[in-house]
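The data block below is start24.cif; it holds mmCIF, C-alpha atoms, pLDDT in the B column; chains and numbers go by the auth columns.
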data_query
#
loop_
_atom_site.group_PDB
_atom_site.id
_atom_site.type_symbol
_atom_site.label_atom_id
_atom_site.label_comp_id
_atom_site.label_asym_id
_atom_site.label_seq_id
_atom_site.Cartn_x
_atom_site.Cartn_y
_atom_site.Cartn_z
_atom_site.B_iso_or_equiv
_atom_site.auth_seq_id
_atom_site.auth_asym_id
ATOM 1 C CA LEU A 1 55.326 0.358 21.484 35.00 215 A
ATOM 2 C CA LEU A 2 53.494 -2.606 22.919 34.00 216 A
ATOM 3 C CA ALA A 3 50.776 -0.385 24.355 34.00 217 A
ATOM 4 C CA LEU A 4 50.325 1.295 20.968 36.00 218 A
ATOM 5 C CA SER A 5 50.086 -2.082 19.225 31.00 219 A
ATOM 6 C CA ALA A 6 47.487 -3.296 21.676 35.00 220 A
ATOM 7 C CA CYS A 7 45.539 -0.072 21.264 36.00 221 A
ATOM 8 C CA GLY A 8 45.689 -0.342 17.470 38.00 222 A
ATOM 9 C CA GLY A 9 44.650 -3.974 17.648 38.00 223 A
ATOM 10 C CA ALA A 10 41.671 -3.130 19.837 37.00 224 A
ATOM 11 C CA SER A 11 40.295 -0.575 17.382 35.00 225 A
ATOM 12 C CA THR A 12 40.231 -3.020 14.460 36.00 226 A
ATOM 13 C CA PRO A 13 37.550 -5.365 15.883 40.00 227 A
ATOM 14 C CA THR A 14 35.453 -2.353 16.883 40.00 228 A
ATOM 15 C CA SER A 15 35.238 -1.223 13.258 39.00 229 A
ATOM 16 C CA THR A 16 34.293 -4.712 11.990 43.00 230 A
ATOM 17 C CA PRO A 17 30.735 -4.916 13.457 48.00 231 A
ATOM 18 C CA THR A 18 29.812 -1.579 11.865 55.00 232 A
ATOM 19 C CA SER A 19 29.801 -3.240 8.428 77.00 233 A
ATOM 20 C CA THR A 20 26.364 -4.774 8.109 82.00 234 A
ATOM 21 C CA PRO A 21 26.254 -8.146 6.364 87.00 235 A
ATOM 22 C CA THR A 22 24.421 -8.265 3.071 89.00 236 A
ATOM 23 C CA GLY A 23 22.538 -10.985 1.286 91.00 237 A
ATOM 24 C CA GLY A 24 20.455 -13.335 3.323 93.00 238 A
ATOM 25 C CA SER A 25 17.219 -14.966 2.333 96.00 239 A
ATOM 26 C CA LEU A 26 13.829 -15.414 3.905 97.00 240 A
ATOM 27 C CA LEU A 27 11.266 -18.157 3.617 97.00 241 A
ATOM 28 C CA ILE A 28 7.806 -17.329 4.944 97.00 242 A
ATOM 29 C CA GLY A 29 6.089 -20.515 6.063 96.00 243 A
ATOM 30 C CA ASP A 30 2.394 -21.356 6.307 96.00 244 A
ATOM 31 C CA ILE A 31 0.704 -18.401 7.974 96.00 245 A
ATOM 32 C CA VAL A 32 -2.012 -19.164 10.514 96.00 246 A
ATOM 33 C CA SER A 33 -4.770 -16.540 10.745 96.00 247 A
ATOM 34 C CA PRO A 34 -8.564 -16.328 11.062 94.00 248 A
ATOM 35 C CA LYS A 35 -10.382 -17.664 7.968 92.00 249 A
ATOM 36 C CA SER A 36 -11.626 -14.302 6.701 91.00 250 A
ATOM 37 C CA PHE A 37 -8.262 -12.562 7.188 95.00 251 A
ATOM 38 C CA ASP A 38 -5.353 -12.983 4.767 95.00 252 A
ATOM 39 C CA PRO A 39 -2.204 -11.161 5.944 97.00 253 A
ATOM 40 C CA LYS A 40 0.109 -12.874 3.423 96.00 254 A
ATOM 41 C CA ALA A 41 0.322 -9.960 0.935 96.00 255 A
ATOM 42 C CA THR A 42 1.349 -7.585 3.726 97.00 256 A
ATOM 43 C CA LEU A 43 3.989 -9.998 5.016 98.00 257 A
ATOM 44 C CA LEU A 44 5.364 -10.572 1.511 97.00 258 A
ATOM 45 C CA SER A 45 5.590 -6.815 0.939 97.00 259 A
ATOM 46 C CA LEU A 46 7.742 -6.549 4.080 98.00 260 A
ATOM 47 C CA GLU A 47 10.259 -9.157 2.930 97.00 261 A
ATOM 48 C CA PRO A 48 12.976 -6.590 1.992 97.00 262 A
ATOM 49 C CA GLN A 49 12.636 -4.947 5.429 97.00 263 A
ATOM 50 C CA PHE A 50 12.700 -8.355 7.155 98.00 264 A
ATOM 51 C CA ILE A 51 15.924 -9.270 5.333 97.00 265 A
ATOM 52 C CA ALA A 52 17.417 -5.881 6.281 97.00 266 A
ATOM 53 C CA CYS A 53 16.526 -6.647 9.929 98.00 267 A
ATOM 54 C CA TYR A 54 18.162 -10.063 9.602 97.00 268 A
ATOM 55 C CA ASN A 55 21.354 -8.578 8.178 97.00 269 A
ATOM 56 C CA GLN A 56 21.399 -5.928 10.917 96.00 270 A
ATOM 57 C CA ALA A 57 21.096 -8.631 13.605 97.00 271 A
ATOM 58 C CA ARG A 58 23.883 -10.629 11.913 96.00 272 A
ATOM 59 C CA ALA A 59 26.232 -7.688 12.431 94.00 273 A
ATOM 60 C CA THR A 60 26.343 -8.573 16.143 93.00 274 A
ATOM 61 C CA THR A 61 25.503 -12.296 15.839 94.00 275 A
ATOM 62 C CA PRO A 62 27.161 -13.495 12.596 95.00 276 A
ATOM 63 C CA SER A 63 26.038 -17.111 13.040 95.00 277 A
ATOM 64 C CA LEU A 64 22.347 -16.152 13.300 96.00 278 A
ATOM 65 C CA HIS A 65 20.114 -18.233 11.041 97.00 279 A
ATOM 66 C CA GLY A 66 17.102 -20.495 11.256 97.00 280 A
ATOM 67 C CA LYS A 67 13.468 -20.223 12.237 97.00 281 A
ATOM 68 C CA VAL A 68 11.552 -17.721 14.313 98.00 282 A
ATOM 69 C CA LYS A 69 7.796 -17.960 14.754 98.00 283 A
ATOM 70 C CA LEU A 70 6.149 -14.550 15.177 98.00 284 A
ATOM 71 C CA LEU A 71 2.839 -13.890 16.887 98.00 285 A
ATOM 72 C CA ILE A 72 1.524 -10.716 15.258 98.00 286 A
ATOM 73 C CA HIS A 73 -1.323 -8.973 17.068 97.00 287 A
ATOM 74 C CA VAL A 74 -3.555 -6.971 14.703 98.00 288 A
ATOM 75 C CA ASN A 75 -6.492 -4.780 15.761 97.00 289 A
ATOM 76 C CA GLU A 76 -9.828 -4.409 13.950 96.00 290 A
ATOM 77 C CA ALA A 77 -8.458 -1.497 11.864 97.00 291 A
ATOM 78 C CA GLY A 78 -5.572 -3.600 10.485 97.00 292 A
ATOM 79 C CA THR A 79 -2.894 -1.989 12.658 97.00 293 A
ATOM 80 C CA CYS A 80 -0.181 -4.153 14.196 97.00 294 A
ATOM 81 C CA LEU A 81 -0.328 -3.600 17.946 97.00 295 A
ATOM 82 C CA GLY A 82 2.571 -5.833 18.906 96.00 296 A
ATOM 83 C CA VAL A 83 4.799 -8.721 17.966 97.00 297 A
ATOM 84 C CA ASP A 84 6.039 -11.589 20.105 97.00 298 A
ATOM 85 C CA ALA A 85 8.190 -14.568 19.227 97.00 299 A
ATOM 86 C CA GLU A 86 7.266 -18.073 20.308 96.00 300 A
ATOM 87 C CA PRO A 87 9.946 -19.616 22.532 95.00 301 A
ATOM 88 C CA GLY A 88 12.532 -21.658 20.702 94.00 302 A
ATOM 89 C CA GLY A 89 13.738 -21.388 17.154 94.00 303 A
ATOM 90 C CA ALA A 90 17.350 -20.809 16.165 95.00 304 A
ATOM 91 C CA ALA A 91 16.647 -17.250 14.955 96.00 305 A
ATOM 92 C CA ASN A 92 14.734 -16.142 18.064 96.00 306 A
ATOM 93 C CA ASP A 93 17.097 -13.233 18.635 96.00 307 A
ATOM 94 C CA PRO A 94 15.853 -10.181 20.603 96.00 308 A
ATOM 95 C CA THR A 95 17.471 -7.711 18.183 96.00 309 A
ATOM 96 C CA LEU A 96 15.940 -9.442 15.166 98.00 310 A
ATOM 97 C CA VAL A 97 12.479 -9.769 16.738 98.00 311 A
ATOM 98 C CA ALA A 98 12.455 -6.097 17.814 97.00 312 A
ATOM 99 C CA CYS A 99 13.406 -4.948 14.311 98.00 313 A
ATOM 100 C CA LEU A 100 10.786 -7.222 12.692 98.00 314 A
ATOM 101 C CA GLY A 101 8.219 -5.811 15.121 98.00 315 A
ATOM 102 C CA ASP A 102 9.138 -2.243 14.183 98.00 316 A
ATOM 103 C CA ALA A 103 8.725 -3.081 10.481 98.00 317 A
ATOM 104 C CA LEU A 104 5.343 -4.703 11.130 98.00 318 A
ATOM 105 C CA LYS A 105 4.101 -1.762 13.195 97.00 319 A
ATOM 106 C CA THR A 106 4.740 0.628 10.290 95.00 320 A
ATOM 107 C CA SER A 107 2.755 -1.523 7.843 95.00 321 A
ATOM 108 C CA HIS A 108 -0.980 -1.861 7.462 95.00 322 A
ATOM 109 C CA PHE A 109 -2.893 -5.130 7.232 97.00 323 A
ATOM 110 C CA PRO A 110 -6.330 -5.640 5.711 96.00 324 A
ATOM 111 C CA LYS A 111 -9.086 -5.261 8.315 95.00 325 A
ATOM 112 C CA PRO A 112 -9.438 -8.659 9.998 96.00 326 A
ATOM 113 C CA GLY A 113 -13.067 -8.133 11.114 93.00 327 A
ATOM 114 C CA GLY A 114 -12.126 -7.822 14.782 95.00 328 A
ATOM 115 C CA SER A 115 -8.785 -8.281 16.443 96.00 329 A
ATOM 116 C CA ALA A 116 -6.616 -11.154 15.248 97.00 330 A
ATOM 117 C CA THR A 117 -3.397 -12.923 16.087 97.00 331 A
ATOM 118 C CA VAL A 118 -1.375 -14.112 13.128 97.00 332 A
ATOM 119 C CA ILE A 119 1.265 -16.825 13.465 97.00 333 A
ATOM 120 C CA ALA A 120 4.004 -16.342 10.884 98.00 334 A
ATOM 121 C CA PRO A 121 6.927 -18.786 10.756 98.00 335 A
ATOM 122 C CA LEU A 122 9.993 -17.167 9.188 98.00 336 A
ATOM 123 C CA VAL A 123 13.194 -18.959 8.213 98.00 337 A
ATOM 124 C CA PHE A 124 16.306 -16.841 7.706 98.00 338 A
ATOM 125 C CA ARG A 125 19.418 -18.034 5.881 97.00 339 A
ATOM 126 C CA PRO A 126 22.711 -16.216 5.276 94.00 340 A
#

What would the structure in this file look like if it were written as structure tokens?
Amino acid sequence: LLALSACGGASTPTSTPTSTPTGGSLLIGDIVSPKSFDPKATLLSLEPQFIACYNQARATTPSLHGKVKLLIHVNEAGTCLGVDAEPGGAANDPTLVACLGDALKTSHFPKPGGSATVIAPLVFRP
């Protein structure tokens, strides 16, 4: 009986992380980009996907919240080539950053007139 109880108890926590948290909010800070290039509309359009990424990351790290500063590399055609996170920031979580990067790579930015690096500070709250 004890072995069965322990087995039953072990399966309960396993099922808990599969429920993805909901809610969450995002504040997009002052975006730094070349003068002739305004990526803000694209970033704002991705807000629902960014919040979904945040909630997905919270499934494994429930206490995750705070700031992450993304470096978004955009080519001359407006395609996101890659995303890095600056060191530091309470929300600099590899799962979150990877998901944000995937969302950015599926979007399209205005043509920056050459390649550009955009710095986008994001603040996530539960």

Sorted by chain and rising residue number, list the residues of stretch 294-315 of chain A at most 6 Å from stretch 276-287 of chain A (counting all atoms listed in the file), each with its closest atom pair and distance in Å to one decimal, as CSV.
residue,atom,partner,partner_atom,distance
A:Cys294,CA,A:His287,CA,5.7
A:Leu295,CA,A:His287,CA,5.5
A:Gly296,CA,A:His287,CA,5.3
A:Val297,CA,A:Ile286,CA,4.7
A:Asp298,CA,A:Leu285,CA,5.1
A:Ala299,CA,A:Leu284,CA,4.5
A:Glu300,CA,A:Lys283,CA,5.6
A:Gly303,CA,A:Lys281,CA,5.1
A:Ala304,CA,A:Gly280,CA,4.9
A:Ala305,CA,A:Gly280,CA,4.9
A:Asn306,CA,A:Val282,CA,5.2

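Proximity to A:Pro248 was assessed for A:Gly328, A:Gly302, A:Gly292, A:Pro308 counting all atoms listed in the file; the smallest distance is recorded for A:Gly328.
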
Could you write out as a list of chain:residue names the residues that the PyMOL selection byres ((chain A and resi 258) around 12) matches in the shown file?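 Answer for the PyMOL selection byres ((chain A and resi 258) around 12): A:Leu240, A:Leu241, A:Ile242, A:Gly243, A:Ile245, A:Asp252, A:Pro253, A:Lys254, A:Ala255, A:Thr256, A:Leu257, A:Ser259, A:Leu260, A:Glu261, A:Pro262, A:Gln263, A:Phe264, A:Ile265, A:Leu318, A:Ser321, A:Phe323, A:Ala334, A:Leu336.
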
Apply the PyMOL selection byres ((chain A and resi 235) around 10) to the displayed file and report the matching residues as a list in words.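 Checking the PyMOL selection byres ((chain A and resi 235) around 10) against this file, the residues are Pro231, Thr232, Ser233, Thr234, Thr236, Gly237, Gly238, Ala266, Tyr268, Asn269, Gln270, Ala271, Arg272, Ala273, Thr274, Pro276 and Pro340 of chain A.
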
Since we have the selection now, will you write its residues out, keeping C-alpha atoms, as a PDB file, keeping the file's coordinate frame?
ATOM      1  CA  PRO A 231      30.735  -4.916  13.457  1.00 48.00           C
ATOM      2  CA  THR A 232      29.812  -1.579  11.865  1.00 55.00           C
ATOM      3  CA  SER A 233      29.801  -3.240   8.428  1.00 77.00           C
ATOM      4  CA  THR A 234      26.364  -4.774   8.109  1.00 82.00           C
ATOM      5  CA  THR A 236      24.421  -8.265   3.071  1.00 89.00           C
ATOM      6  CA  GLY A 237      22.538 -10.985   1.286  1.00 91.00           C
ATOM      7  CA  GLY A 238      20.455 -13.335   3.323  1.00 93.00           C
ATOM      8  CA  ALA A 266      17.417  -5.881   6.281  1.00 97.00           C
ATOM      9  CA  TYR A 268      18.162 -10.063   9.602  1.00 97.00           C
ATOM     10  CA  ASN A 269      21.354  -8.578   8.178  1.00 97.00           C
ATOM     11  CA  GLN A 270      21.399  -5.928  10.917  1.00 96.00           C
ATOM     12  CA  ALA A 271      21.096  -8.631  13.605  1.00 97.00           C
ATOM     13  CA  ARG A 272      23.883 -10.629  11.913  1.00 96.00           C
ATOM     14  CA  ALA A 273      26.232  -7.688  12.431  1.00 94.00           C
ATOM     15  CA  THR A 274      26.343  -8.573  16.143  1.00 93.00           C
ATOM     16  CA  PRO A 276      27.161 -13.495  12.596  1.00 95.00           C
ATOM     17  CA  PRO A 340      22.711 -16.216   5.276  1.00 94.00           C
TER      18      PRO A 340
END

I need the residue nearest A:Val332 from this list: A:Ser239, A:Thr309, A:Thr275, A:Asn289. Use only C-alpha atoms for the distance.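 Nearest to A:Val332: A:Asn289.
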
Nearest candidate to A:Asp316 (options A:Val288, A:Ala330, A:Cys267, A:Val337; using only C-alpha atoms): A:Cys267

One-decimal distance in Å that lies between atom CA of A:Phe251 and atom CA of A:Pro301: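 Taking atom CA of A:Pro301 and atom CA of A:Phe251, their separation equals 24.8 Å.
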
Box in all listed atoms of stretch 250-269 of chain A, axis-aligned, with 6 Å more on each side; write out centre and edge lengths in Å to one decimal as JSON.
{"center_x": 4.9, "center_y": -9.6, "center_z": 5.4, "size_x": 45.0, "size_y": 21.4, "size_z": 21.0}

For the atom pair atom CA of A:Asp307 and atom CA of A:Ala291, what is the interatomic distance in Å to one decimal place?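 For atom CA of A:Asp307 relative to atom CA of A:Ala291, the distance reads 28.9 Å.
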